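Engineer: First the structure, which I've put down as structure tokens, then a few questions once you've had a look.
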Amino acid sequence: MSRGYDVVIIGAGSIGIPAGWAMGRAGLKVLVIDRFASFGQGSNKSAIGGIRATHSDPAKIRLGMRSLEIVSTWEETHGHNIEWVKGGYSFVAYRKEEEDTLKALLVTQHAYGLNIDWYGKEELLEIIPSLNPDGLIGGTFSPDDGHCSPLLLSYAMYDEAVKGGVEFRFREKVIGIDAPEGRIRAVRTDKGRYEAKIVLNAAGGWANEVGNLLGIEHPVSPESHEGGITEPVARFLSPMVVDIRPAPGSANYYFFQHRTGQIVFCITPDPPIPGFDRRETSAFLPMVSRRMVDLMPKLINLRVRRTWRGLYPMSPDGSPLVGWSREVEGYLLAIGMCGQGFMLSPGLGELLARMVTRNELSSEDREILDILSPYRPFKKEEALK
Ligand SMILES: Cc1cc2nc3c(=O)[nH]c(=O)nc-3n(C[C@H](O)[C@H](O)[C@H](O)COP(=O)(O)OP(=O)(O)OC[C@H]3O[C@@H](n4cnc5c(N)ncnc54)[C@H](O)[C@@H]3O)c2cc1C
């Protein structure tokens with residue numbers, strides 16, 4: 001049996017849920033399909049929940065700022081507690097290289113209206129007293145950034161989407177997309193066929209597999225990243241702290257204190273670990289804890305409760321691919337989210353809804369789509385990817 005929708009979204013993850021919510025609000029008949037048993041079981045549940053507008057490229061700054069507006073007002077607007085904390089983000093510098101990089105980025109960040117500044121050593125220590133003062137030069141601090149629970153935000157948006165009439169089908173794998181004469185007509189799963197003239201690929205690390213169903217290659221491939229959480233302790237840390245110094249085995253790492261006291265942390269492995277492996281390793285914890293204790297010595301006696309591993313859907317330059325396919329009419333891409341799919345997704349979901357409803361796009365929207373075009377040359381690397 002075939003059923004008809006305005007849009008079928010492949011993937012109920014960080015992108016698919018807010019996109020479904022926003023499209024449902026725009027009055028569209030939407031179906032979201034996921035192969036797993038519930039929403040968020042891909043990369044979404046692996047995210048540690050950081051949400052920032054502090055990026056180096058204008059598209060991500062704009063999407064991040066809108067996402068922060070949605071997330072920071074979610075509870076008063078919709079009523080769900082998503083554990084939002086406006087603790088800010090701090091990128092710290094212990095070497096001139098990072099100082100120069102971070103200060104150079106401020107020019108673009110200020111031009112796009114981001115609330116961020118450089119703080120010298122003593123000022124930064126007032127914001128984050130527990131940073132190791134030895135060698136600290138200073139860092140940026142963006143007070144409007146923060147974090148919330150990926151689980152709770154995804155549930156909240158799913159809940160609102162369902163109330164708004166959006167349909168979800170779980171445990172269904174998309175195995176085919178019908179596009180006769182280069183036009184989307186239907187999506188086939190292992191359980192049914194759903195007609196629609198628009199399909200959104202929001203399949204995260206599996207985006208290329210979905211593209212292949214249409215004979216299209218997308219330059220997106222998964223990489224493994226690990227995260228962890230400690231036991232709870234009394235609150236002593238507000239911002240997400242990010243250290244972008246490379247070290248043997250890792251490119252950077254970041255951590256924050258949850259409002260119930262646990263430290264939640266992540267590291268970016270270097271060289272990267274390509275593939276779909278989501279089994280955690282014994283190498284991750286010694287590496288990340290050494291770096292974190294160097295940066296913040298008072299973490300030394302904290303006990304780690306759990307680690308996990310998930311996927312970053314990587315693009316060649318560290319920025320997402322968002323836009324209409326030129327090969328197949330009605331095929332929309334929101335893929336290659338790298339390490340930022342969760343933080344960009346509320347704003348991106350709204351933009352995708354504006355695209356699908358063919359509303360007049362603003363000049364800001366067009367600028368975002370130009371920068372994130374799937375057909376860009378992928379020559380520049382995003383500095384804070
Ligand atoms: C350790 C770790 C920490 C992170 N921390 C952060 C953070 O603090 N902030 C942040 O913004 N990001 C963070 N990220 C990155 C973030 O998790 C990803 O960027 C984001 O989840 C990607 O969203 P997505 O919707 O593209 O993919 P996903 O959330 O993986 O969703 C894709 C969905 O598509 C479904 N799917 C795929 N193929 C099919 C098919 N054929 N049929 C049906 N369904 C299909 C999958 O089942 C999946 O549910 C982190 C990631 C990791 C691993």
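By convention in this document, the chains of the structure tokens carry letters A, B, ... by their order, each chain's residues are numbered from 1, and ligands are numbered from 1 in the order they are shown.
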Can you work out which residues are within 7 Å of ligand 1, considering only C-alpha atoms and all ligand atoms, and then hand them over as a ChimeraX atom specification?
Structural biologist: /A:10-16,33-36,39-51,172-175,202-207,209-210,224-227,266,308-313,335-344
Engineer: The selected residues should be written to file as a PDB file, in the first residue's frame (atoms: C-alpha atoms).
Structural biologist:
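In the end it all went to again_39.pdb:
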```pdb
ATOM      1  CA  ILE A  10      15.101   9.836   6.116  1.00  0.00           C
ATOM      2  CA  GLY A  11      16.561   9.817   9.632  1.00  0.00           C
ATOM      3  CA  ALA A  12      15.017  10.695  13.006  1.00  0.00           C
ATOM      4  CA  GLY A  13      18.264  12.077  14.375  1.00  0.00           C
ATOM      5  CA  SER A  14      19.690  15.477  15.312  1.00  0.00           C
ATOM      6  CA  ILE A  15      18.565  16.931  11.970  1.00  0.00           C
ATOM      7  CA  GLY A  16      15.509  14.870  11.082  1.00  0.00           C
ATOM      8  CA  ILE A  33      11.518   7.259   8.900  1.00  0.00           C
ATOM      9  CA  ASP A  34      14.275   5.674  10.968  1.00  0.00           C
ATOM     10  CA  ARG A  35      15.810   2.236  10.876  1.00  0.00           C
ATOM     11  CA  PHE A  36      16.255   2.145  14.647  1.00  0.00           C
ATOM     12  CA  PHE A  39      14.447   8.619  17.519  1.00  0.00           C
ATOM     13  CA  GLY A  40      18.005   9.703  18.304  1.00  0.00           C
ATOM     14  CA  GLN A  41      19.632   6.265  18.154  1.00  0.00           C
ATOM     15  CA  GLY A  42      22.227   7.289  15.532  1.00  0.00           C
ATOM     16  CA  SER A  43      24.723  10.010  16.468  1.00  0.00           C
ATOM     17  CA  ASN A  44      22.187  12.156  18.251  1.00  0.00           C
ATOM     18  CA  LYS A  45      22.340  10.273  21.551  1.00  0.00           C
ATOM     19  CA  SER A  46      26.158  10.373  21.504  1.00  0.00           C
ATOM     20  CA  ALA A  47      26.345  14.177  21.507  1.00  0.00           C
ATOM     21  CA  ILE A  48      27.346  15.760  24.794  1.00  0.00           C
ATOM     22  CA  GLY A  49      24.919  18.623  24.277  1.00  0.00           C
ATOM     23  CA  GLY A  50      27.095  21.641  23.505  1.00  0.00           C
ATOM     24  CA  ILE A  51      25.297  24.419  21.620  1.00  0.00           C
ATOM     25  CA  GLU A 172      12.031   0.769   8.987  1.00  0.00           C
ATOM     26  CA  LYS A 173      15.092   0.960   6.817  1.00  0.00           C
ATOM     27  CA  VAL A 174      14.906   2.976   3.615  1.00  0.00           C
ATOM     28  CA  ILE A 175      16.063   0.631   0.884  1.00  0.00           C
ATOM     29  CA  ALA A 202      19.075  13.461   7.118  1.00  0.00           C
ATOM     30  CA  ALA A 203      20.790  10.098   7.464  1.00  0.00           C
ATOM     31  CA  GLY A 204      23.898  11.292   9.307  1.00  0.00           C
ATOM     32  CA  GLY A 205      26.801   8.844   9.011  1.00  0.00           C
ATOM     33  CA  TRP A 206      24.719   6.783   6.572  1.00  0.00           C
ATOM     34  CA  ALA A 207      24.011   9.715   4.217  1.00  0.00           C
ATOM     35  CA  GLU A 209      24.350   4.987   1.536  1.00  0.00           C
ATOM     36  CA  VAL A 210      21.084   6.865   1.046  1.00  0.00           C
ATOM     37  CA  SER A 224      34.329   7.501  15.544  1.00  0.00           C
ATOM     38  CA  HIS A 225      34.479   9.876  18.506  1.00  0.00           C
ATOM     39  CA  GLU A 226      34.225   9.046  22.167  1.00  0.00           C
ATOM     40  CA  GLY A 227      32.662  10.810  25.121  1.00  0.00           C
ATOM     41  CA  CYS A 266      34.948  14.429  24.519  1.00  0.00           C
ATOM     42  CA  TRP A 308      30.652   5.807  24.930  1.00  0.00           C
ATOM     43  CA  ARG A 309      31.460   6.082  21.290  1.00  0.00           C
ATOM     44  CA  GLY A 310      29.481   7.585  18.442  1.00  0.00           C
ATOM     45  CA  LEU A 311      29.867   8.871  14.933  1.00  0.00           C
ATOM     46  CA  TYR A 312      30.670  12.265  13.472  1.00  0.00           C
ATOM     47  CA  PRO A 313      29.263  12.363   9.915  1.00  0.00           C
ATOM     48  CA  ILE A 335      24.182  15.935   5.709  1.00  0.00           C
ATOM     49  CA  GLY A 336      27.841  16.034   6.784  1.00  0.00           C
ATOM     50  CA  MET A 337      27.098  17.653  10.167  1.00  0.00           C
ATOM     51  CA  CYS A 338      30.513  16.669  11.590  1.00  0.00           C
ATOM     52  CA  GLY A 339      30.698  17.431  15.327  1.00  0.00           C
ATOM     53  CA  GLN A 340      27.990  20.084  15.241  1.00  0.00           C
ATOM     54  CA  GLY A 341      24.773  18.556  14.033  1.00  0.00           C
ATOM     55  CA  PHE A 342      23.049  18.890  17.364  1.00  0.00           C
ATOM     56  CA  MET A 343      23.906  22.558  17.894  1.00  0.00           C
ATOM     57  CA  LEU A 344      23.014  23.648  14.358  1.00  0.00           C
TER      58      LEU A 344
END
```
Engineer: Using only C-alpha atoms, I'd like a table of the residues in region 211-301 of chain A that come within 9 Å of region 72-94 of chain A; for each, show the closest atom pair and its distance in Å rounded to one decimal, ordered by chain and ascending number, as CSV.
Structural biologist:
```
residue,atom,partner,partner_atom,distance
A:Leu237,CA,A:Gly87,CA,8.5
A:Ser238,CA,A:Gly87,CA,4.8
A:Pro239,CA,A:Gly87,CA,4.5
A:Met240,CA,A:Tyr89,CA,4.6
A:Val241,CA,A:Ser90,CA,5.0
A:Val242,CA,A:Phe91,CA,4.7
A:Asp243,CA,A:Val92,CA,5.7
A:Ile244,CA,A:Phe91,CA,7.4
A:Arg245,CA,A:Ala93,CA,8.0
A:Phe256,CA,A:Gly87,CA,8.8
A:His258,CA,A:Val85,CA,8.4
A:Arg259,CA,A:Val85,CA,7.3
```
Engineer: Tell me which protein, DNA and RNA residues are within 12 Å of Arg290 (chain A), counting only C-alpha atoms, leaving out same-chain ones fewer than 4 positions away, and put them as a PDB file with N, CA, C and O atoms, in the first residue's frame.
Structural biologist:
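Output file part-v3.pdb is given in full below:
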```
ATOM      1  N   ALA A 247      47.716  17.453  20.217  1.00  0.00           N
ATOM      2  CA  ALA A 247      48.702  16.691  21.012  1.00  0.00           C
ATOM      3  C   ALA A 247      48.764  15.305  20.388  1.00  0.00           C
ATOM      4  O   ALA A 247      47.867  14.936  19.625  1.00  0.00           O
ATOM      5  N   PRO A 248      49.784  14.504  20.717  1.00  0.00           N
ATOM      6  CA  PRO A 248      49.840  13.175  20.118  1.00  0.00           C
ATOM      7  C   PRO A 248      48.537  12.409  20.378  1.00  0.00           C
ATOM      8  O   PRO A 248      48.099  12.288  21.521  1.00  0.00           O
ATOM      9  N   GLY A 249      47.912  11.973  19.311  1.00  0.00           N
ATOM     10  CA  GLY A 249      46.692  11.176  19.436  1.00  0.00           C
ATOM     11  C   GLY A 249      45.389  11.954  19.395  1.00  0.00           C
ATOM     12  O   GLY A 249      44.327  11.359  19.254  1.00  0.00           O
ATOM     13  N   SER A 250      45.471  13.291  19.575  1.00  0.00           N
ATOM     14  CA  SER A 250      44.199  14.038  19.584  1.00  0.00           C
ATOM     15  C   SER A 250      44.380  15.442  19.016  1.00  0.00           C
ATOM     16  O   SER A 250      45.444  16.055  19.147  1.00  0.00           O
ATOM     17  N   TYR A 253      39.970  18.795  22.568  1.00  0.00           N
ATOM     18  CA  TYR A 253      39.012  18.144  23.462  1.00  0.00           C
ATOM     19  C   TYR A 253      38.183  19.233  24.121  1.00  0.00           C
ATOM     20  O   TYR A 253      38.571  20.424  24.100  1.00  0.00           O
ATOM     21  N   ILE A 267      36.839  13.938  23.125  1.00  0.00           N
ATOM     22  CA  ILE A 267      38.118  14.274  22.489  1.00  0.00           C
ATOM     23  C   ILE A 267      38.011  13.976  20.997  1.00  0.00           C
ATOM     24  O   ILE A 267      37.225  13.116  20.589  1.00  0.00           O
ATOM     25  N   ALA A 283      41.637   3.107  24.962  1.00  0.00           N
ATOM     26  CA  ALA A 283      42.648   4.138  24.693  1.00  0.00           C
ATOM     27  C   ALA A 283      42.124   5.540  24.982  1.00  0.00           C
ATOM     28  O   ALA A 283      42.869   6.454  25.339  1.00  0.00           O
ATOM     29  N   PHE A 284      40.810   5.709  24.852  1.00  0.00           N
ATOM     30  CA  PHE A 284      40.218   7.037  24.953  1.00  0.00           C
ATOM     31  C   PHE A 284      40.416   7.676  26.326  1.00  0.00           C
ATOM     32  O   PHE A 284      40.892   8.804  26.462  1.00  0.00           O
ATOM     33  N   LEU A 285      40.064   6.933  27.383  1.00  0.00           N
ATOM     34  CA  LEU A 285      40.022   7.540  28.708  1.00  0.00           C
ATOM     35  C   LEU A 285      41.384   8.009  29.214  1.00  0.00           C
ATOM     36  O   LEU A 285      41.514   9.148  29.686  1.00  0.00           O
ATOM     37  N   PRO A 286      42.458   7.187  29.107  1.00  0.00           N
ATOM     38  CA  PRO A 286      43.760   7.696  29.557  1.00  0.00           C
ATOM     39  C   PRO A 286      44.197   8.944  28.789  1.00  0.00           C
ATOM     40  O   PRO A 286      44.793   9.861  29.359  1.00  0.00           O
ATOM     41  N   ASP A 294      45.737  18.091  33.064  1.00  0.00           N
ATOM     42  CA  ASP A 294      46.762  19.118  32.808  1.00  0.00           C
ATOM     43  C   ASP A 294      46.129  20.504  32.763  1.00  0.00           C
ATOM     44  O   ASP A 294      46.661  21.483  33.274  1.00  0.00           O
ATOM     45  N   LEU A 295      44.985  20.568  32.119  1.00  0.00           N
ATOM     46  CA  LEU A 295      44.329  21.865  31.937  1.00  0.00           C
ATOM     47  C   LEU A 295      43.628  22.324  33.206  1.00  0.00           C
ATOM     48  O   LEU A 295      43.567  23.520  33.507  1.00  0.00           O
ATOM     49  N   MET A 296      43.081  21.356  33.949  1.00  0.00           N
ATOM     50  CA  MET A 296      42.307  21.697  35.144  1.00  0.00           C
ATOM     51  C   MET A 296      42.670  20.699  36.237  1.00  0.00           C
ATOM     52  O   MET A 296      42.005  19.674  36.441  1.00  0.00           O
ATOM     53  N   PRO A 297      43.758  20.977  36.990  1.00  0.00           N
ATOM     54  CA  PRO A 297      44.296  19.982  37.930  1.00  0.00           C
ATOM     55  C   PRO A 297      43.283  19.475  38.952  1.00  0.00           C
ATOM     56  O   PRO A 297      43.375  18.333  39.412  1.00  0.00           O
ATOM     57  N   LEU A 299      40.518  18.298  38.601  1.00  0.00           N
ATOM     58  CA  LEU A 299      39.723  17.150  38.126  1.00  0.00           C
ATOM     59  C   LEU A 299      40.350  15.813  38.521  1.00  0.00           C
ATOM     60  O   LEU A 299      39.747  14.756  38.309  1.00  0.00           O
ATOM     61  N   ILE A 300      41.564  15.867  39.110  1.00  0.00           N
ATOM     62  CA  ILE A 300      42.358  14.636  39.220  1.00  0.00           C
ATOM     63  C   ILE A 300      41.677  13.497  39.980  1.00  0.00           C
ATOM     64  O   ILE A 300      41.841  12.331  39.636  1.00  0.00           O
ATOM     65  N   ASN A 301      40.890  13.818  41.000  1.00  0.00           N
ATOM     66  CA  ASN A 301      40.295  12.724  41.779  1.00  0.00           C
ATOM     67  C   ASN A 301      38.889  12.327  41.345  1.00  0.00           C
ATOM     68  O   ASN A 301      38.244  11.503  41.991  1.00  0.00           O
TER      69      ASN A 301
END
```
Engineer: One decimal, Å: what's the distance from CA of Arg62 (chain A) over to CA of Glu126 (chain A), could you say?
Structural biologist: 28.9 Å
Engineer: Have a look at A:Leu369, A:Ala251, A:Val32, A:Met314 and name the one nearest to Leu351 (chain A); count only C-alpha atoms.
Structural biologist: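 The closest residue to Leu351 (chain A) is A:Leu369.
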Engineer: If I take CA of Arg66 (chain A) and CA of Gly138 (chain A), how far is one from the other in Å, to one decimal?
Structural biologist: 27.8 Å
Engineer: Region 203-307 of chain A: which residues are strand (DSSP E) by DSSP, as JSON, numbers by chain?
Structural biologist: {"A": [221, 222, 223, 224, 225, 226, 227, 228, 229, 230, 231, 232, 240, 241, 242, 243, 250, 251, 252, 253, 254, 255, 256, 257, 262, 263, 264, 265, 266, 267, 268, 269, 304, 305, 306, 307]}
Engineer: Could you turn the residues from that selection into a file that holds C-alpha atoms, as an mmCIF file, in the first residue's frame?
Structural biologist:
```cif
data_model
loop_
_atom_site.group_PDB
_atom_site.id
_atom_site.type_symbol
_atom_site.label_atom_id
_atom_site.label_comp_id
_atom_site.auth_asym_id
_atom_site.auth_seq_id
_atom_site.Cartn_x
_atom_site.Cartn_y
_atom_site.Cartn_z
ATOM 1 C CA SER A 221 31.739 9.442 5.812
ATOM 2 C CA PRO A 222 31.501 8.526 9.482
ATOM 3 C CA GLU A 223 34.317 8.875 12.010
ATOM 4 C CA SER A 224 34.329 7.501 15.544
ATOM 5 C CA HIS A 225 34.479 9.876 18.506
ATOM 6 C CA GLU A 226 34.225 9.046 22.167
ATOM 7 C CA GLY A 227 32.662 10.810 25.121
ATOM 8 C CA GLY A 228 32.477 10.218 28.835
ATOM 9 C CA ILE A 229 30.835 11.336 32.078
ATOM 10 C CA THR A 230 32.142 11.476 35.653
ATOM 11 C CA GLU A 231 30.470 11.148 39.008
ATOM 12 C CA PRO A 232 28.697 14.324 40.178
ATOM 13 C CA MET A 240 32.140 24.530 28.060
ATOM 14 C CA VAL A 241 35.942 24.607 27.963
ATOM 15 C CA VAL A 242 37.565 23.876 24.602
ATOM 16 C CA ASP A 243 41.282 23.311 24.125
ATOM 17 C CA SER A 250 44.199 14.038 19.584
ATOM 18 C CA ALA A 251 43.347 17.260 17.800
ATOM 19 C CA ASN A 252 41.330 18.918 20.581
ATOM 20 C CA TYR A 253 39.012 18.144 23.462
ATOM 21 C CA TYR A 254 36.150 19.834 25.279
ATOM 22 C CA PHE A 255 34.189 19.448 28.503
ATOM 23 C CA PHE A 256 31.611 21.093 30.736
ATOM 24 C CA GLN A 257 29.925 20.494 34.045
ATOM 25 C CA GLN A 262 28.909 15.566 36.373
ATOM 26 C CA ILE A 263 31.753 16.536 34.040
ATOM 27 C CA VAL A 264 30.908 15.517 30.480
ATOM 28 C CA PHE A 265 33.780 15.337 28.011
ATOM 29 C CA CYS A 266 34.948 14.429 24.519
ATOM 30 C CA ILE A 267 38.118 14.274 22.489
ATOM 31 C CA THR A 268 38.791 14.477 18.748
ATOM 32 C CA PRO A 269 41.104 11.619 17.775
ATOM 33 C CA VAL A 304 34.583 8.401 35.506
ATOM 34 C CA ARG A 305 31.237 6.596 35.430
ATOM 35 C CA ARG A 306 30.827 5.756 31.780
ATOM 36 C CA THR A 307 32.288 6.267 28.320
#
```
Engineer: Here is a test: counting only C-alpha atoms, which residue of A:Val328, A:Ala353, A:Leu214, A:Val233 is nearest to Leu302 (chain A)?
Structural biologist: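 Of all the options, A:Val233 lies closest to Leu302 (chain A).
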Engineer: Residues within 8 Å of Ser319 (chain A), please, as a VMD selection string. Count only C-alpha atoms; anything in the same chain fewer than 2 positions from it doesn't count.
Structural biologist: chain A and resid 315 to 317 321 336 to 338 372 382 385
Engineer: Going by DSSP on the backbone, which bits of region 272-365 of chain A are helix (DSSP H, G or I)? Write them as a short mmCIF file (atom, residue, chain, number, x, y, z; two decimals) with N, CA, C and O atoms, in the first residue's frame, please.
Structural biologist:
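Result file result.cif:
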```
data_model
loop_
_atom_site.label_atom_id
_atom_site.label_comp_id
_atom_site.auth_asym_id
_atom_site.auth_seq_id
_atom_site.Cartn_x
_atom_site.Cartn_y
_atom_site.Cartn_z
N PHE A 284 40.81 5.71 24.85
CA PHE A 284 40.22 7.04 24.95
C PHE A 284 40.42 7.68 26.33
O PHE A 284 40.89 8.80 26.46
N LEU A 285 40.06 6.93 27.38
CA LEU A 285 40.02 7.54 28.71
C LEU A 285 41.38 8.01 29.21
O LEU A 285 41.51 9.15 29.69
N PRO A 286 42.46 7.19 29.11
CA PRO A 286 43.76 7.70 29.56
C PRO A 286 44.20 8.94 28.79
O PRO A 286 44.79 9.86 29.36
N MET A 287 43.87 8.95 27.50
CA MET A 287 44.31 10.10 26.69
C MET A 287 43.58 11.38 27.09
O MET A 287 44.19 12.41 27.36
N VAL A 288 42.26 11.29 27.18
CA VAL A 288 41.50 12.51 27.45
C VAL A 288 41.68 12.96 28.89
O VAL A 288 41.80 14.15 29.19
N SER A 289 41.76 12.01 29.83
CA SER A 289 41.85 12.43 31.23
C SER A 289 43.19 13.11 31.51
O SER A 289 43.26 14.09 32.26
N ARG A 290 44.25 12.62 30.86
CA ARG A 290 45.56 13.28 31.05
C ARG A 290 45.49 14.74 30.59
O ARG A 290 45.94 15.65 31.26
N ARG A 291 44.90 14.94 29.43
CA ARG A 291 44.82 16.31 28.91
C ARG A 291 43.93 17.19 29.80
O ARG A 291 44.23 18.35 30.06
N MET A 292 42.83 16.63 30.26
CA MET A 292 41.92 17.44 31.08
C MET A 292 42.54 17.79 32.43
O MET A 292 42.38 18.91 32.93
N VAL A 293 43.27 16.85 33.00
CA VAL A 293 43.87 17.13 34.32
C VAL A 293 45.01 18.15 34.17
O VAL A 293 45.21 19.00 35.05
N ASP A 294 45.74 18.09 33.06
CA ASP A 294 46.76 19.12 32.81
C ASP A 294 46.13 20.50 32.76
O ASP A 294 46.66 21.48 33.27
N LEU A 295 44.99 20.57 32.12
CA LEU A 295 44.33 21.87 31.94
C LEU A 295 43.63 22.32 33.21
O LEU A 295 43.57 23.52 33.51
N PRO A 297 43.76 20.98 36.99
CA PRO A 297 44.30 19.98 37.93
C PRO A 297 43.28 19.47 38.95
O PRO A 297 43.38 18.33 39.41
N LYS A 298 42.27 20.28 39.29
CA LYS A 298 41.36 19.81 40.35
C LYS A 298 40.47 18.65 39.90
O LYS A 298 39.77 18.04 40.71
N LEU A 299 40.52 18.30 38.60
CA LEU A 299 39.72 17.15 38.13
C LEU A 299 40.35 15.81 38.52
O LEU A 299 39.75 14.76 38.31
N ILE A 300 41.56 15.87 39.11
CA ILE A 300 42.36 14.64 39.22
C ILE A 300 41.68 13.50 39.98
O ILE A 300 41.84 12.33 39.64
N ASN A 301 40.89 13.82 41.00
CA ASN A 301 40.30 12.72 41.78
C ASN A 301 38.89 12.33 41.35
O ASN A 301 38.24 11.50 41.99
N CYS A 338 29.26 16.73 10.81
CA CYS A 338 30.51 16.67 11.59
C CYS A 338 30.19 16.66 13.09
O CYS A 338 29.27 15.98 13.50
N GLY A 339 30.91 17.45 13.87
CA GLY A 339 30.70 17.43 15.33
C GLY A 339 29.69 18.46 15.79
O GLY A 339 29.65 18.81 16.97
N GLN A 340 28.84 18.95 14.87
CA GLN A 340 27.99 20.08 15.24
C GLN A 340 26.53 19.95 14.85
O GLN A 340 25.78 20.93 14.86
N GLY A 341 26.14 18.73 14.51
CA GLY A 341 24.77 18.56 14.03
C GLY A 341 23.73 18.90 15.07
O GLY A 341 22.66 19.43 14.75
N PHE A 342 24.02 18.62 16.32
CA PHE A 342 23.05 18.89 17.36
C PHE A 342 22.87 20.40 17.56
O PHE A 342 21.75 20.91 17.62
N MET A 343 23.99 21.12 17.59
CA MET A 343 23.91 22.56 17.89
C MET A 343 23.34 23.38 16.73
O MET A 343 22.81 24.45 16.93
N LEU A 344 23.51 22.89 15.51
CA LEU A 344 23.01 23.65 14.36
C LEU A 344 21.56 23.31 14.02
O LEU A 344 20.89 24.05 13.29
N SER A 345 21.09 22.18 14.54
CA SER A 345 19.85 21.61 14.00
C SER A 345 18.57 22.40 14.26
O SER A 345 17.73 22.45 13.36
N PRO A 346 18.38 23.06 15.39
CA PRO A 346 17.10 23.79 15.52
C PRO A 346 16.97 24.89 14.47
O PRO A 346 15.94 25.00 13.81
N GLY A 347 18.03 25.65 14.26
CA GLY A 347 17.99 26.71 13.24
C GLY A 347 17.93 26.12 11.85
O GLY A 347 17.22 26.62 10.97
N LEU A 348 18.67 25.05 11.64
CA LEU A 348 18.70 24.42 10.31
C LEU A 348 17.34 23.81 9.97
O LEU A 348 16.88 23.88 8.82
N GLY A 349 16.67 23.23 10.95
CA GLY A 349 15.34 22.66 10.71
C GLY A 349 14.39 23.71 10.16
O GLY A 349 13.65 23.47 9.20
N GLU A 350 14.43 24.90 10.76
CA GLU A 350 13.56 25.98 10.26
C GLU A 350 13.93 26.38 8.84
O GLU A 350 13.05 26.63 8.01
N LEU A 351 15.22 26.46 8.57
CA LEU A 351 15.65 26.85 7.22
C LEU A 351 15.18 25.80 6.20
O LEU A 351 14.69 26.13 5.12
N LEU A 352 15.30 24.52 6.56
CA LEU A 352 14.86 23.46 5.65
C LEU A 352 13.35 23.58 5.39
O LEU A 352 12.89 23.38 4.26
N ALA A 353 12.61 23.94 6.42
CA ALA A 353 11.15 24.11 6.24
C ALA A 353 10.88 25.28 5.29
O ALA A 353 10.00 25.19 4.43
N ARG A 354 11.65 26.36 5.40
CA ARG A 354 11.44 27.49 4.48
C ARG A 354 11.77 27.08 3.05
O ARG A 354 11.12 27.50 2.10
N MET A 355 12.78 26.23 2.90
CA MET A 355 13.14 25.78 1.55
C MET A 355 12.03 24.93 0.94
O MET A 355 11.67 25.09 -0.22
N VAL A 356 11.50 24.03 1.76
CA VAL A 356 10.51 23.08 1.25
C VAL A 356 9.19 23.78 0.92
O VAL A 356 8.52 23.45 -0.06
N SER A 363 18.05 37.20 2.63
CA SER A 363 19.44 37.27 2.14
C SER A 363 20.36 36.46 3.07
O SER A 363 21.33 35.85 2.63
N GLU A 364 20.00 36.41 4.37
CA GLU A 364 20.79 35.61 5.31
C GLU A 364 20.68 34.12 4.96
O GLU A 364 21.67 33.39 4.96
N ASP A 365 19.45 33.68 4.66
CA ASP A 365 19.26 32.28 4.26
C ASP A 365 20.10 31.97 3.03
O ASP A 365 20.76 30.92 2.95
#
```
Engineer: Compile the contact shell of region 24-30 of chain A as a PyMOL selection string: residues with an atom at most 6 Å away, counting only C-alpha atoms, same-chain residues fewer than 2 positions apart removed.
Structural biologist: chain A and resi 5-8+20-22+164+166
Engineer: Tell me which of A:Pro219, A:Pro133, A:Arg3, A:Leu125 sits closest to Arg188 (chain A), counting only C-alpha atoms.
Structural biologist: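 Result for the nearest residue to Arg188 (chain A): A:Arg3.
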Engineer: Considering only C-alpha atoms, state which residue in the set A:Ser67, A:Thr357, A:Ser149, A:Asn132 is at the smallest distance from Thr260 (chain A).
Structural biologist: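 Looking only at the distances to Thr260 (chain A), the closest residue turns out to be A:Ser149.
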Engineer: Which of these residues is nearest to Ser38 (chain A), using only C-alpha atoms: A:Phe141, A:Tyr112, A:Tyr155, A:Trp118?
Structural biologist: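 Selected residue with least distance to Ser38 (chain A): A:Tyr155.
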Engineer: Give the answer as one residue: which of A:Ile17, A:Met23, A:Leu68, A:Ile273 has the shortest atom-to-atom distance to Gly146 (chain A), using only C-alpha atoms?
Structural biologist: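 Using only C-alpha atoms, Gly146 (chain A) sits closest to A:Leu68.
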